[in-house]
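The next block is structure_22.tsv, given as TSV, C-alpha atoms.
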chain	number	residue	atom	x	y	z
A	1	MET	CA	-25.36	-148.33	85.71
A	2	GLU	CA	-27.65	-147.00	88.44
A	3	ASP	CA	-30.81	-147.28	86.36
A	4	MET	CA	-29.97	-150.74	85.04
A	5	GLU	CA	-31.00	-153.89	86.80
A	6	GLU	CA	-28.27	-156.27	87.87
A	7	MET	CA	-27.92	-159.19	85.51
A	8	LYS	CA	-28.43	-162.66	87.00
A	9	ASP	CA	-26.46	-164.12	84.12
A	10	TYR	CA	-25.38	-163.08	80.61
A	11	SER	CA	-28.12	-164.77	78.60
A	12	GLY	CA	-29.44	-161.40	77.37
A	13	PRO	CA	-28.06	-159.25	74.57
A	14	LEU	CA	-24.44	-158.13	74.28
A	15	ARG	CA	-23.60	-155.07	76.31
A	16	PRO	CA	-20.75	-153.34	74.48
A	17	ASP	CA	-20.20	-151.13	77.54
A	18	LEU	CA	-19.44	-154.12	79.75
A	19	HIS	CA	-15.80	-154.21	80.73
A	20	ALA	CA	-15.33	-157.20	82.98
A	21	ASN	CA	-11.77	-156.18	83.69
A	22	VAL	CA	-12.94	-152.91	85.16
A	23	SER	CA	-16.09	-153.94	86.95
A	24	LEU	CA	-18.29	-156.96	87.27
A	25	GLY	CA	-20.84	-154.74	88.99
A	26	ALA	CA	-23.32	-155.20	86.17
A	27	PHE	CA	-23.89	-158.71	87.47
A	28	SER	CA	-25.70	-159.88	90.59
A	29	LYS	CA	-23.67	-161.17	93.51
A	30	ASP	CA	-24.82	-164.73	92.78
A	31	ALA	CA	-23.55	-164.47	89.21
A	32	ILE	CA	-20.17	-163.15	90.36
A	33	ILE	CA	-19.86	-165.97	92.90
A	34	ARG	CA	-20.65	-168.52	90.18
A	35	MET	CA	-17.98	-166.93	88.03
A	36	ALA	CA	-15.50	-166.96	90.93
A	37	LEU	CA	-16.03	-170.66	91.55
A	38	GLU	CA	-15.73	-171.50	87.84
A	39	THR	CA	-12.50	-169.51	87.62
A	40	ASP	CA	-11.18	-171.37	90.68
A	41	LYS	CA	-12.07	-174.65	89.00
A	42	LEU	CA	-10.39	-173.51	85.79
A	43	LEU	CA	-7.19	-172.88	87.72
A	44	LEU	CA	-7.41	-176.36	89.22
A	45	CYS	CA	-8.05	-177.79	85.74
A	46	PHE	CA	-4.74	-176.28	84.71
A	47	GLY	CA	-3.02	-178.48	87.32
A	48	GLY	CA	-4.90	-181.58	86.23
A	49	CYS	CA	-4.35	-180.98	82.50
A	50	TRP	CA	-0.64	-180.37	82.83
A	51	ASN	CA	-0.17	-183.39	85.10
A	52	THR	CA	-1.99	-185.67	82.66
A	53	PHE	CA	-0.08	-184.09	79.81
A	54	ASN	CA	3.31	-184.47	81.55
A	55	ARG	CA	2.69	-188.10	82.31
A	56	ARG	CA	1.88	-188.74	78.66
A	57	MET	CA	5.00	-186.96	77.43
A	58	PHE	CA	7.57	-187.89	80.06
A	59	ASP	CA	8.31	-190.65	82.52
A	60	GLU	CA	6.55	-190.61	85.88
A	61	GLU	CA	9.51	-189.29	87.84
A	62	THR	CA	10.15	-186.41	85.44
A	63	ALA	CA	6.45	-185.53	85.34
A	64	VAL	CA	6.22	-185.32	89.13
A	65	LYS	CA	9.41	-183.27	89.31
A	66	MET	CA	8.08	-180.82	86.71
A	67	ASP	CA	4.79	-180.53	88.54
A	68	ARG	CA	6.42	-179.80	91.83
A	69	GLU	CA	8.73	-177.16	90.44
A	70	VAL	CA	6.09	-175.32	88.41
A	71	TRP	CA	3.44	-175.39	91.10
A	72	LEU	CA	5.35	-175.29	94.38
A	73	GLU	CA	8.35	-173.16	93.45
A	74	ARG	CA	6.99	-170.78	90.84
A	75	THR	CA	3.22	-170.52	91.25
A	76	GLU	CA	2.21	-171.07	94.86
A	77	PRO	CA	4.24	-168.15	96.27
A	78	GLN	CA	2.46	-165.84	93.80
A	79	LEU	CA	-0.94	-167.24	94.73
A	80	VAL	CA	-0.35	-166.76	98.46
A	81	ALA	CA	1.05	-163.25	98.10
A	82	ARG	CA	-1.63	-162.06	95.66
A	83	LEU	CA	-4.60	-163.35	97.65
A	84	ARG	CA	-3.24	-162.07	100.95
A	85	ARG	CA	-2.74	-158.65	99.41
A	86	LEU	CA	-6.17	-158.59	97.77
A	87	PHE	CA	-8.03	-159.58	100.95
A	88	ASN	CA	-5.70	-157.64	103.23
A	89	ILE	CA	-4.82	-160.69	105.32
A	90	GLN	CA	-1.86	-159.26	107.17
A	91	GLY	CA	-1.75	-161.49	110.26
A	92	THR	CA	0.92	-164.10	110.85
A	93	ASP	CA	-1.04	-166.43	113.10
A	94	VAL	CA	-2.99	-169.64	112.61
A	95	ALA	CA	-6.30	-167.79	112.14
A	96	SER	CA	-4.80	-165.74	109.28
A	97	PHE	CA	-3.59	-168.89	107.59
A	98	LEU	CA	-7.09	-170.38	107.87
A	99	LYS	CA	-8.51	-167.20	106.32
A	100	PHE	CA	-6.21	-167.70	103.37
A	101	LEU	CA	-7.27	-171.36	103.02
A	102	GLN	CA	-10.92	-170.30	102.86
A	103	ILE	CA	-10.28	-168.29	99.69
A	104	GLU	CA	-7.62	-170.55	98.15
A	105	PRO	CA	-9.06	-172.11	94.95
A	106	LEU	CA	-8.90	-175.80	95.97
A	107	PHE	CA	-10.38	-175.25	99.43
A	108	ALA	CA	-12.82	-172.65	98.12
A	109	THR	CA	-14.34	-175.23	95.76
A	110	SER	CA	-14.41	-177.97	98.39
A	111	ARG	CA	-16.57	-178.41	101.51
A	112	VAL	CA	-14.29	-177.74	104.44
A	113	GLU	CA	-14.76	-177.42	108.18
A	114	TYR	CA	-12.41	-175.10	110.08
A	115	THR	CA	-12.05	-175.48	113.84
A	116	LEU	CA	-9.85	-172.99	115.61
A	117	ASP	CA	-9.23	-174.78	118.92
A	118	THR	CA	-6.91	-172.16	120.37
A	119	ASP	CA	-5.01	-169.18	118.95
A	120	ALA	CA	-2.18	-171.58	118.19
A	121	GLN	CA	-3.98	-174.66	116.98
A	122	ALA	CA	-6.65	-175.57	114.46
A	123	ILE	CA	-8.10	-178.58	112.72
A	124	VAL	CA	-9.09	-178.40	109.05
A	125	THR	CA	-11.34	-181.18	107.80
A	126	VAL	CA	-12.08	-181.53	104.10
A	127	HIS	CA	-15.39	-183.33	103.73
A	128	HIS	CA	-15.81	-183.02	99.97
A	129	CYS	CA	-12.89	-182.47	97.62
A	130	ARG	CA	-13.76	-182.06	93.93
A	131	ALA	CA	-10.31	-183.15	92.83
A	132	LEU	CA	-10.37	-186.34	94.92
A	133	GLU	CA	-13.87	-187.17	93.72
A	134	TYR	CA	-12.66	-186.77	90.12
A	135	PHE	CA	-9.70	-189.09	90.76
A	136	GLU	CA	-11.93	-191.69	92.41
A	137	ARG	CA	-14.52	-191.52	89.65
A	138	HIS	CA	-11.90	-192.04	86.95
A	139	GLY	CA	-9.73	-194.52	88.87
A	140	GLU	CA	-6.80	-192.09	88.62
A	141	ASN	CA	-4.83	-193.46	91.57
A	142	LEU	CA	-1.47	-192.15	90.46
A	143	LEU	CA	-2.81	-188.71	89.67
A	144	GLN	CA	-4.48	-188.66	93.09
A	145	LYS	CA	-1.23	-189.57	94.82
A	146	ASN	CA	0.76	-186.93	92.93
A	147	ALA	CA	-1.85	-184.23	93.50
A	148	CYS	CA	-2.22	-184.99	97.23
A	149	ASP	CA	1.57	-185.14	97.70
A	150	ILE	CA	1.99	-181.76	96.03
A	151	HIS	CA	-0.91	-180.35	98.00
A	152	ALA	CA	0.54	-181.54	101.32
A	153	THR	CA	3.89	-179.94	100.54
A	154	GLY	CA	2.18	-176.80	99.22
A	155	LEU	CA	0.12	-176.37	102.38
A	156	ALA	CA	3.17	-176.69	104.62
A	157	LYS	CA	5.05	-174.24	102.43
A	158	ALA	CA	2.19	-171.74	102.33
A	159	ALA	CA	1.90	-171.86	106.13
A	160	LEU	CA	5.56	-170.87	106.39
A	161	ASP	CA	4.75	-167.74	104.37
A	162	PHE	CA	2.59	-166.69	107.32
A	163	HIS	CA	4.92	-167.69	110.15
A	164	HIS	CA	8.17	-169.63	110.16
A	165	ASP	CA	6.89	-171.72	113.03
A	166	ILE	CA	3.48	-172.79	111.73
A	167	ARG	CA	3.43	-176.54	111.14
A	168	VAL	CA	0.90	-178.39	109.01
A	169	LYS	CA	0.47	-182.03	109.91
A	170	PRO	CA	-1.78	-184.37	107.91
A	171	LEU	CA	-3.98	-186.39	110.25
A	172	LYS	CA	-5.71	-188.24	107.45
A	173	LEU	CA	-4.99	-188.44	103.74
A	174	PRO	CA	-6.49	-190.23	100.73
A	175	PRO	CA	-6.95	-192.84	99.44
A	176	ARG	CA	-10.15	-193.60	101.28
A	177	GLU	CA	-12.33	-196.63	101.20
A	178	ILE	CA	-15.62	-196.29	99.37
A	179	THR	CA	-18.23	-198.82	100.44
A	180	PHE	CA	-21.53	-199.71	98.86
A	181	GLY	CA	-24.81	-200.54	100.55
A	182	LYS	CA	-28.23	-201.52	99.26
A	183	ALA	CA	-29.00	-197.96	98.22
A	184	GLY	CA	-25.75	-197.54	96.29
A	185	ARG	CA	-22.61	-195.81	97.44
A	186	ASN	CA	-22.45	-195.11	101.17
A	187	GLN	CA	-21.51	-191.70	102.45
A	188	PRO	CA	-17.72	-191.65	101.94
A	189	PRO	CA	-15.33	-190.86	104.78
A	190	ILE	CA	-13.73	-187.42	104.89
A	191	ALA	CA	-11.24	-186.59	102.13
A	192	CYS	CA	-8.44	-185.37	104.37
A	193	GLN	CA	-7.77	-183.73	107.72
A	194	TRP	CA	-5.00	-181.42	108.88
A	195	GLU	CA	-3.66	-180.09	112.14
A	196	ILE	CA	-2.32	-176.55	111.95
A	197	LYS	CA	-0.13	-175.62	114.87
A	198	LEU	CA	1.98	-172.65	115.80
A	199	GLY	CA	5.13	-173.61	117.71
A	200	ALA	CA	6.28	-177.04	118.82
B	1	MET	CA	-23.98	-158.07	109.30
B	2	SER	CA	-22.56	-155.78	106.64
B	3	GLU	CA	-20.66	-157.06	103.64
B	4	MET	CA	-16.90	-157.29	103.92
B	5	ASN	CA	-14.67	-155.43	101.47
B	6	ASP	CA	-11.68	-157.52	102.48
B	7	TYR	CA	-10.84	-160.17	105.07
B	8	SER	CA	-8.79	-158.12	107.50
B	9	GLY	CA	-11.30	-158.72	110.32
B	10	PRO	CA	-11.58	-161.78	112.55
B	11	PHE	CA	-11.58	-165.33	111.23
B	12	LYS	CA	-15.06	-166.62	110.42
B	13	PRO	CA	-15.24	-170.43	110.60
B	14	ASP	CA	-18.50	-170.41	108.65
B	15	LEU	CA	-17.41	-167.91	105.98
B	16	LYS	CA	-19.56	-167.80	102.85
B	17	TRP	CA	-18.82	-166.01	99.60
B	18	GLU	CA	-21.99	-164.02	100.17
B	19	ASP	CA	-20.29	-162.37	103.17
B	20	PHE	CA	-18.10	-160.36	100.79
B	21	SER	CA	-19.10	-157.31	98.80
B	22	GLN	CA	-19.60	-157.49	95.03
B	23	ASP	CA	-16.50	-155.35	94.51
B	24	ILE	CA	-14.12	-157.67	96.32
B	25	LEU	CA	-15.70	-160.71	94.68
B	26	GLY	CA	-15.15	-159.12	91.26
B	27	ASP	CA	-11.55	-158.38	92.23
B	28	TYR	CA	-11.14	-161.99	93.31
B	29	VAL	CA	-12.36	-163.30	89.94
B	30	ARG	CA	-9.90	-161.02	88.17
B	31	GLU	CA	-7.02	-161.99	90.46
B	32	ILE	CA	-7.59	-165.73	89.92
B	33	SER	CA	-7.90	-165.01	86.17
B	34	LYS	CA	-4.53	-163.25	86.25
B	35	ILE	CA	-2.96	-166.19	88.08
B	36	TYR	CA	-4.49	-168.52	85.48
B	37	VAL	CA	-2.85	-166.61	82.62
B	38	LEU	CA	0.35	-166.17	84.61
B	39	LEU	CA	0.48	-169.93	85.13
B	40	GLY	CA	0.44	-170.34	81.34
B	41	GLY	CA	3.48	-168.09	81.13
B	42	ILE	CA	5.25	-169.88	83.99
B	43	TRP	CA	4.56	-173.22	82.35
B	44	PHE	CA	5.82	-172.10	78.95
B	45	GLY	CA	8.93	-170.55	80.52
B	46	TYR	CA	9.67	-173.77	82.36
B	47	LEU	CA	9.31	-175.90	79.21
B	48	ARG	CA	11.47	-173.51	77.25
B	49	GLU	CA	14.27	-173.67	79.84
B	50	ARG	CA	14.21	-177.46	79.90
B	51	LEU	CA	13.41	-178.45	76.33
B	52	GLY	CA	14.14	-175.49	74.09
B	53	ALA	CA	11.80	-173.09	72.34
B	54	GLN	CA	10.63	-175.28	69.48
B	55	ARG	CA	9.66	-178.27	71.60
B	56	ALA	CA	8.07	-175.96	74.20
B	57	ASP	CA	5.99	-174.43	71.43
B	58	GLU	CA	4.64	-177.79	70.30
B	59	LEU	CA	3.90	-179.02	73.81
B	60	HIS	CA	2.30	-175.77	74.87
B	61	MET	CA	-0.26	-176.05	72.08
B	62	GLU	CA	-1.16	-179.59	73.13
B	63	LEU	CA	-1.83	-178.44	76.66
B	64	TRP	CA	-4.09	-175.62	75.54
B	65	GLU	CA	-6.06	-177.92	73.26
B	66	THR	CA	-7.76	-179.37	76.35
B	67	LEU	CA	-7.39	-176.55	78.81
B	68	GLY	CA	-8.28	-173.61	76.59
B	69	ASN	CA	-10.53	-175.03	73.92
B	70	LYS	CA	-12.59	-177.11	76.32
B	71	HIS	CA	-12.43	-175.87	79.91
B	72	GLU	CA	-11.73	-172.16	79.42
B	73	PHE	CA	-14.24	-171.92	76.61
B	74	ASN	CA	-17.04	-173.86	78.27
B	75	ARG	CA	-16.88	-173.20	82.02
B	76	PRO	CA	-17.45	-169.41	81.99
B	77	ARG	CA	-20.19	-169.72	79.37
B	78	ALA	CA	-22.00	-172.33	81.46
B	79	ALA	CA	-21.63	-170.23	84.62
B	80	MET	CA	-23.07	-167.13	82.94
B	81	GLY	CA	-25.74	-168.78	80.80
B	82	ILE	CA	-24.23	-167.86	77.43
B	83	CYS	CA	-25.92	-170.51	75.35
B	84	GLY	CA	-26.10	-168.97	71.87
B	85	HIS	CA	-24.18	-170.12	68.83
B	86	ASP	CA	-23.76	-166.82	67.08
B	87	VAL	CA	-21.27	-163.95	66.82
B	88	GLU	CA	-22.92	-162.08	69.67
B	89	SER	CA	-22.51	-165.08	72.00
B	90	PHE	CA	-18.83	-165.30	71.17
B	91	LEU	CA	-18.31	-161.62	71.97
B	92	LYS	CA	-20.17	-162.04	75.25
B	93	PHE	CA	-17.89	-164.93	76.11
B	94	ALA	CA	-14.82	-162.82	75.22
B	95	GLN	CA	-15.96	-160.15	77.70
B	96	ILE	CA	-16.07	-162.55	80.65
B	97	ASP	CA	-13.34	-164.99	79.61
B	98	PRO	CA	-10.66	-165.28	82.36
B	99	GLY	CA	-8.08	-165.35	79.54
B	100	ILE	CA	-9.39	-162.28	77.65
B	101	GLY	CA	-11.97	-159.80	78.89
B	102	MET	CA	-11.57	-160.50	82.59
B	103	ILE	CA	-8.01	-159.22	82.58
B	104	PHE	CA	-7.43	-157.28	79.36
B	105	ASP	CA	-8.96	-154.02	78.20
B	106	ILE	CA	-11.12	-154.95	75.23
B	107	ASP	CA	-13.77	-153.52	72.93
B	108	CYS	CA	-16.56	-155.56	71.40
B	109	GLU	CA	-18.45	-154.13	68.46
B	110	LEU	CA	-21.42	-156.02	67.09
B	111	LYS	CA	-21.93	-154.60	63.59
B	112	ASN	CA	-24.84	-156.93	62.92
B	113	LYS	CA	-25.89	-160.35	64.12
B	114	ASN	CA	-23.46	-162.04	61.78
B	115	HIS	CA	-20.51	-159.72	62.09
B	116	GLY	CA	-18.47	-158.37	65.01
B	117	ILE	CA	-15.10	-156.89	65.83
B	118	LEU	CA	-13.08	-157.80	68.91
B	119	THR	CA	-10.30	-155.38	69.78
B	120	ILE	CA	-7.84	-156.17	72.54
B	121	LYS	CA	-6.61	-152.70	73.42
B	122	MET	CA	-4.36	-153.58	76.33
B	123	CYS	CA	-2.86	-157.04	76.77
B	124	THR	CA	-0.67	-157.55	79.84
B	125	ALA	CA	0.97	-160.64	78.34
B	126	LEU	CA	2.04	-158.65	75.26
B	127	ARG	CA	3.21	-155.77	77.44
B	128	SER	CA	5.34	-158.13	79.51
B	129	ALA	CA	6.92	-159.68	76.38
B	130	GLU	CA	7.60	-156.18	75.00
B	131	ARG	CA	9.09	-155.00	78.26
B	132	HIS	CA	11.46	-157.98	78.37
B	133	GLN	CA	12.03	-157.85	74.60
B	134	ASP	CA	11.08	-161.52	74.54
B	135	THR	CA	10.00	-162.06	70.94
B	136	GLN	CA	9.81	-165.81	71.44
B	137	ALA	CA	7.30	-165.52	74.29
B	138	GLN	CA	5.25	-163.00	72.31
B	139	GLU	CA	5.15	-165.18	69.22
B	140	ASN	CA	4.30	-168.26	71.26
B	141	GLY	CA	1.53	-166.54	73.22
B	142	CYS	CA	0.02	-164.85	70.17
B	143	GLY	CA	0.52	-168.01	68.11
B	144	ILE	CA	-1.61	-169.93	70.61
B	145	ASP	CA	-4.39	-167.35	70.21
B	146	VAL	CA	-4.15	-167.34	66.41
B	147	TRP	CA	-4.43	-171.12	66.48
B	148	ALA	CA	-7.14	-171.34	69.15
B	149	MET	CA	-9.47	-168.46	68.31
B	150	PRO	CA	-10.68	-169.83	64.94
B	151	LYS	CA	-11.11	-173.23	66.53
B	152	VAL	CA	-13.28	-172.05	69.39
B	153	VAL	CA	-15.51	-169.90	67.19
B	154	ARG	CA	-15.93	-172.79	64.82
B	155	SER	CA	-16.86	-175.08	67.69
B	156	LEU	CA	-19.63	-172.58	68.46
B	157	HIS	CA	-20.89	-172.66	64.88
B	158	PRO	CA	-19.33	-174.40	61.85
B	159	ASP	CA	-19.82	-171.30	59.68
B	160	MET	CA	-18.23	-168.87	62.11
B	161	VAL	CA	-14.73	-167.60	61.38
B	162	ALA	CA	-12.24	-165.53	63.36
B	163	ILE	CA	-9.91	-163.53	61.18
B	164	PRO	CA	-7.03	-161.59	62.74
B	165	LEU	CA	-7.00	-158.11	61.20
B	166	LYS	CA	-4.07	-156.91	63.27
B	167	LEU	CA	-1.56	-158.81	65.36
B	168	PRO	CA	1.64	-158.07	67.29
B	169	PRO	CA	4.36	-157.03	66.99
B	170	ARG	CA	3.25	-153.42	67.17
B	171	LYS	CA	5.17	-150.27	66.47
B	172	SER	CA	3.91	-148.27	69.42
B	173	PRO	CA	2.31	-149.07	72.79
B	174	ASN	CA	-0.56	-146.83	71.76
B	175	GLU	CA	-1.64	-149.31	69.11
B	176	PRO	CA	-4.16	-151.99	70.10
B	177	ALA	CA	-2.62	-155.39	70.83
B	178	CYS	CA	-4.75	-157.21	68.27
B	179	ILE	CA	-8.00	-156.91	66.32
B	180	TRP	CA	-10.22	-159.79	65.25
B	181	GLU	CA	-13.10	-159.95	62.84
B	182	ILE	CA	-15.68	-162.52	63.87
B	183	LYS	CA	-18.25	-163.38	61.25
B	184	MET	CA	-20.54	-165.99	59.84
B	185	ASP	CA	-19.12	-166.91	56.49
B	186	PRO	CA	-19.87	-170.37	55.14
B	187	THR	CA	-18.02	-169.55	51.92
B	188	HIS	CA	-14.79	-168.41	53.50
B	189	PRO	CA	-12.30	-170.73	51.77
B	190	SER	CA	-9.32	-170.30	54.06
B	191	ILE	CA	-8.21	-168.29	57.02
B	192	THR	CA	-4.67	-168.04	55.73
B	193	ASN	CA	-3.64	-164.47	55.19
B	194	PRO	CA	-0.21	-163.84	53.62
B	195	GLU	CA	-0.13	-160.35	55.11
B	196	LEU	CA	0.29	-161.73	58.63
B	197	PRO	CA	3.63	-162.31	60.40
B	198	GLU	CA	5.20	-165.70	59.81
B	199	TYR	CA	4.45	-167.11	63.28
B	200	ALA	CA	0.76	-166.35	62.76
B	201	GLN	CA	0.69	-168.07	59.38
B	202	VAL	CA	2.25	-171.20	60.90
B	203	ALA	CA	-0.30	-171.21	63.73
B	204	MET	CA	-3.19	-170.71	61.32
B	205	ALA	CA	-1.97	-173.50	59.07
B	206	LYS	CA	-2.00	-175.75	62.14
B	207	THR	CA	-5.57	-174.71	62.89
B	208	GLU	CA	-6.67	-175.69	59.41
B	209	TRP	CA	-4.86	-179.00	59.76
B	210	ASP	CA	-6.56	-179.64	63.14
B	211	TRP	CA	-10.03	-178.92	61.84
B	212	PRO	CA	-12.09	-181.96	61.04
B	213	LEU	CA	-13.25	-182.22	57.44
B	214	PHE	CA	-16.84	-182.62	58.54
B	215	PRO	CA	-17.32	-180.69	61.77

Translate this structure into structure tokens?
Amino acid sequence: MEDMEEMKDYSGPLRPDLHANVSLGAFSKDAIIRMALETDKLLLCFGGCWNTFNRRMFDEETAVKMDREVWLERTEPQLVARLRRLFNIQGTDVASFLKFLQIEPLFATSRVEYTLDTDAQAIVTVHHCRALEYFERHGENLLQKNACDIHATGLAKAALDFHHDIRVKPLKLPPREITFGKAGRNQPPIACQWEIKLGA
Amino acid sequence: MSEMNDYSGPFKPDLKWEDFSQDILGDYVREISKIYVLLGGIWFGYLRERLGAQRADELHMELWETLGNKHEFNRPRAAMGICGHDVESFLKFAQIDPGIGMIFDIDCELKNKNHGILTIKMCTALRSAERHQDTQAQENGCGIDVWAMPKVVRSLHPDMVAIPLKLPPRKSPNEPACIWEIKMDPTHPSITNPELPEYAQVAMAKTEWDWPLFP
């Protein structure tokens, strides 16, 4: 590998020696980051596809119940544990929870501002959320409500994996009002905002 | 500031992916890929508990029609600039696919520009099904691949075929999980192979049924 130049993408010939599962080191950092973000998005697509699929196959109530159980009960705990282990995020404080959010697929593919006010309190502001923008573009109000509900519960639950006394309080949630000016759509308000607090 | 190999240090409000080393970023891609595949298993297990194996089988395929054949097949190729419509491009995709090469140990042999062999030597999904002696999960998981693989190669090029040369179950853990021949063959009349296990024949028959007459 030493004498080979890093690949910026994989538009060149097949490299039979490339084993992505062992090392992505043949690629440049930019290429790996692109791949990371696409894999994050793919994971989020899974949620969207199965929600759409459930709603087609079952009634609304059943679909939401299935979503919540598969994502919140069976998947989210794995996601939290695996990413904490991989990035060695051992802390149990608010800052450690924010570190997890920064690498969590939904937040990682959104534009988010993290403000750690004190050791025990932070504000997380999501300026751009890909999922919300998709829902707004397609007029998927019900899907947006389901997804945001599950996300709110998931965040609160994930925080408890860090400390039994971390509370996640939504300060602002979708839907949001999109207005139009002469030049087209105005800059939309923030997608959502959360207060993360340790203790009462 | 030097690159971080993990995130055990202080919280960085302005964290960027570029702050991490290539190694940890590669590990992250693989971890998310594992969760992606794991989610498929969790989803199938949930459906099976609630609706029974047969219904779960049918519904699972419908989900993967969109998720696998569109998003999983297109997103990684777009991210990595794999734009070709030949056997080589398919093998390149297989190497970086979150559902194949990113998490399984595979071999890709390009015999010539129209002919390649994809060998999945170690498949964690198969290993898990074997460990739990869960034949149903194995047949469902492999059935999805047998159904999807020919479809995705054909969406790359109408003359491209994916023929399974070897499929689970296997007699020993030393055997490869599965072997696929990928080739350009406009004359290939059918992908049905009576030598294959029954679940694979059912999945392949569904693929042929799904294919449009005039792609």

Review point. How far is it from CA of Ile144 (chain B) to CA of Ala203 (chain B), in Å with one decimal?
Key: 7.1 Å

Exercise for review: Return as JSON, numbers by chain the residues belonging to chain A that are within 8 Å of chain B, counting all atoms listed in the file.
Suggested key: {"A": [9, 10, 11, 13, 14, 15, 16, 18, 19, 20, 21, 23, 24, 25, 28, 29, 30, 31, 32, 33, 34, 35, 36, 38, 39, 40, 42, 43, 45, 46, 49, 50, 53, 70, 74, 75, 78, 79, 82, 83, 86, 87, 88, 89, 90, 95, 96, 98, 99, 102, 113, 114, 115, 116]}

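Taking CA of Pro77 (chain A) as the reference point, CA of Cys148 (chain A) is found at 18.1 Å.
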
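Between CA of Thr124 (chain B) and CA of Lys166 (chain B) there is a distance of 16.9 Å.
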
**Study point:** Closest of B:Gly99, B:Ile120, B:Ile163, B:Asn69 to Gln201 (chain B) - atom-to-atom distances counting all atoms listed in the file
**Key:** B:Ile163

**Study point:** Selected residue, from A:Asn54, A:Asn141, A:Thr179, A:Ser110, that lies nearest to Leu37 (chain A) when counting all atoms listed in the file
**Key:** A:Ser110

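Each of A:Ala63, A:Leu72, A:Arg137, A:Leu101 was checked against Lys157 (chain A) using only C-alpha atoms; the smallest atom-to-atom distance is that of A:Leu72.
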
Enclose the full set of atoms of region 24-32 of chain A listed in the file within a box whose edges lie along x, y and z, apply 4 Å of padding to each of the six sides, and report centre and edge lengths in Å to one decimal as JSON.
{"center_x": -22.0, "center_y": -159.7, "center_z": 89.8, "size_x": 15.4, "size_y": 18.0, "size_z": 15.3}

Taking (11.2, -169.3, 68.4) in the file's own coordinates, collect the residues within 12 Å, counting all atoms listed in the file, and hand them back as a short mmCIF file (atom, residue, chain, number, x, y, z; two decimals) with C-alpha atoms, in the coordinates of the input.
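Everything below was put into selection.cif:
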data_model
loop_
_atom_site.label_atom_id
_atom_site.label_comp_id
_atom_site.auth_asym_id
_atom_site.auth_seq_id
_atom_site.Cartn_x
_atom_site.Cartn_y
_atom_site.Cartn_z
CA ARG B 48 11.47 -173.51 77.25
CA GLY B 52 14.14 -175.49 74.09
CA ALA B 53 11.80 -173.09 72.34
CA GLN B 54 10.63 -175.28 69.48
CA ARG B 55 9.66 -178.27 71.60
CA ALA B 56 8.07 -175.96 74.20
CA ASP B 57 5.99 -174.43 71.43
CA GLU B 58 4.64 -177.79 70.30
CA ASP B 134 11.08 -161.52 74.54
CA THR B 135 10.00 -162.06 70.94
CA GLN B 136 9.81 -165.81 71.44
CA ALA B 137 7.30 -165.52 74.29
CA GLN B 138 5.25 -163.00 72.31
CA GLU B 139 5.15 -165.18 69.22
CA ASN B 140 4.30 -168.26 71.26
CA GLY B 141 1.53 -166.54 73.22
CA GLY B 143 0.52 -168.01 68.11
CA GLU B 198 5.20 -165.70 59.81
CA TYR B 199 4.45 -167.11 63.28
CA VAL B 202 2.25 -171.20 60.90
#

Practice item. Find the residues with any atom within 12 Å of (-14.7, -164.7, 67.5); use all atoms listed in the file and the coordinates as given in the file, and write the answer as a PyMOL selection string. Key: chain B and resi 73+85-95+100+108-110+114-119+145-146+148-157+159-165+179-184

Review point. For Asn174 (chain B), which of B:Met61, B:Met122, B:Cys142, B:Leu51 is the closest residue, counting all atoms listed in the file?
Key: B:Met122

Generate the missing atoms of region 3-11 of chain B up to N, CA and C atoms and report them as a PDB file, in the frame of the given file.
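The file below, rebuild09.pdb, is the result:
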ATOM      1  N   GLU B   3     -21.561-156.329 104.536  1.00  0.00           N
ATOM      2  CA  GLU B   3     -20.660-157.060 103.640  1.00  0.00           C
ATOM      3  C   GLU B   3     -19.207-156.650 103.886  1.00  0.00           C
ATOM      4  N   MET B   4     -18.311-157.588 103.690  1.00  0.00           N
ATOM      5  CA  MET B   4     -16.900-157.290 103.920  1.00  0.00           C
ATOM      6  C   MET B   4     -16.227-156.907 102.602  1.00  0.00           C
ATOM      7  N   ASN B   5     -15.419-155.857 102.658  1.00  0.00           N
ATOM      8  CA  ASN B   5     -14.670-155.430 101.470  1.00  0.00           C
ATOM      9  C   ASN B   5     -13.283-156.053 101.413  1.00  0.00           C
ATOM     10  N   ASP B   6     -12.907-156.717 102.482  1.00  0.00           N
ATOM     11  CA  ASP B   6     -11.680-157.520 102.480  1.00  0.00           C
ATOM     12  C   ASP B   6     -11.841-158.542 103.608  1.00  0.00           C
ATOM     13  N   TYR B   7     -10.737-159.179 103.995  1.00  0.00           N
ATOM     14  CA  TYR B   7     -10.840-160.170 105.070  1.00  0.00           C
ATOM     15  C   TYR B   7      -9.823-159.834 106.147  1.00  0.00           C
ATOM     16  N   SER B   8      -9.748-158.556 106.471  1.00  0.00           N
ATOM     17  CA  SER B   8      -8.790-158.120 107.500  1.00  0.00           C
ATOM     18  C   SER B   8      -9.361-158.318 108.907  1.00  0.00           C
ATOM     19  N   GLY B   9     -10.661-158.542 109.008  1.00  0.00           N
ATOM     20  CA  GLY B   9     -11.300-158.720 110.320  1.00  0.00           C
ATOM     21  C   GLY B   9     -11.045-160.112 110.870  1.00  0.00           C
ATOM     22  N   PRO B  10     -11.806-160.477 111.909  1.00  0.00           N
ATOM     23  CA  PRO B  10     -11.580-161.780 112.550  1.00  0.00           C
ATOM     24  C   PRO B  10     -11.920-162.959 111.635  1.00  0.00           C
ATOM     25  N   PHE B  11     -11.324-164.080 111.956  1.00  0.00           N
ATOM     26  CA  PHE B  11     -11.580-165.330 111.230  1.00  0.00           C
ATOM     27  C   PHE B  11     -13.032-165.755 111.436  1.00  0.00           C
TER      28      PHE B  11
END
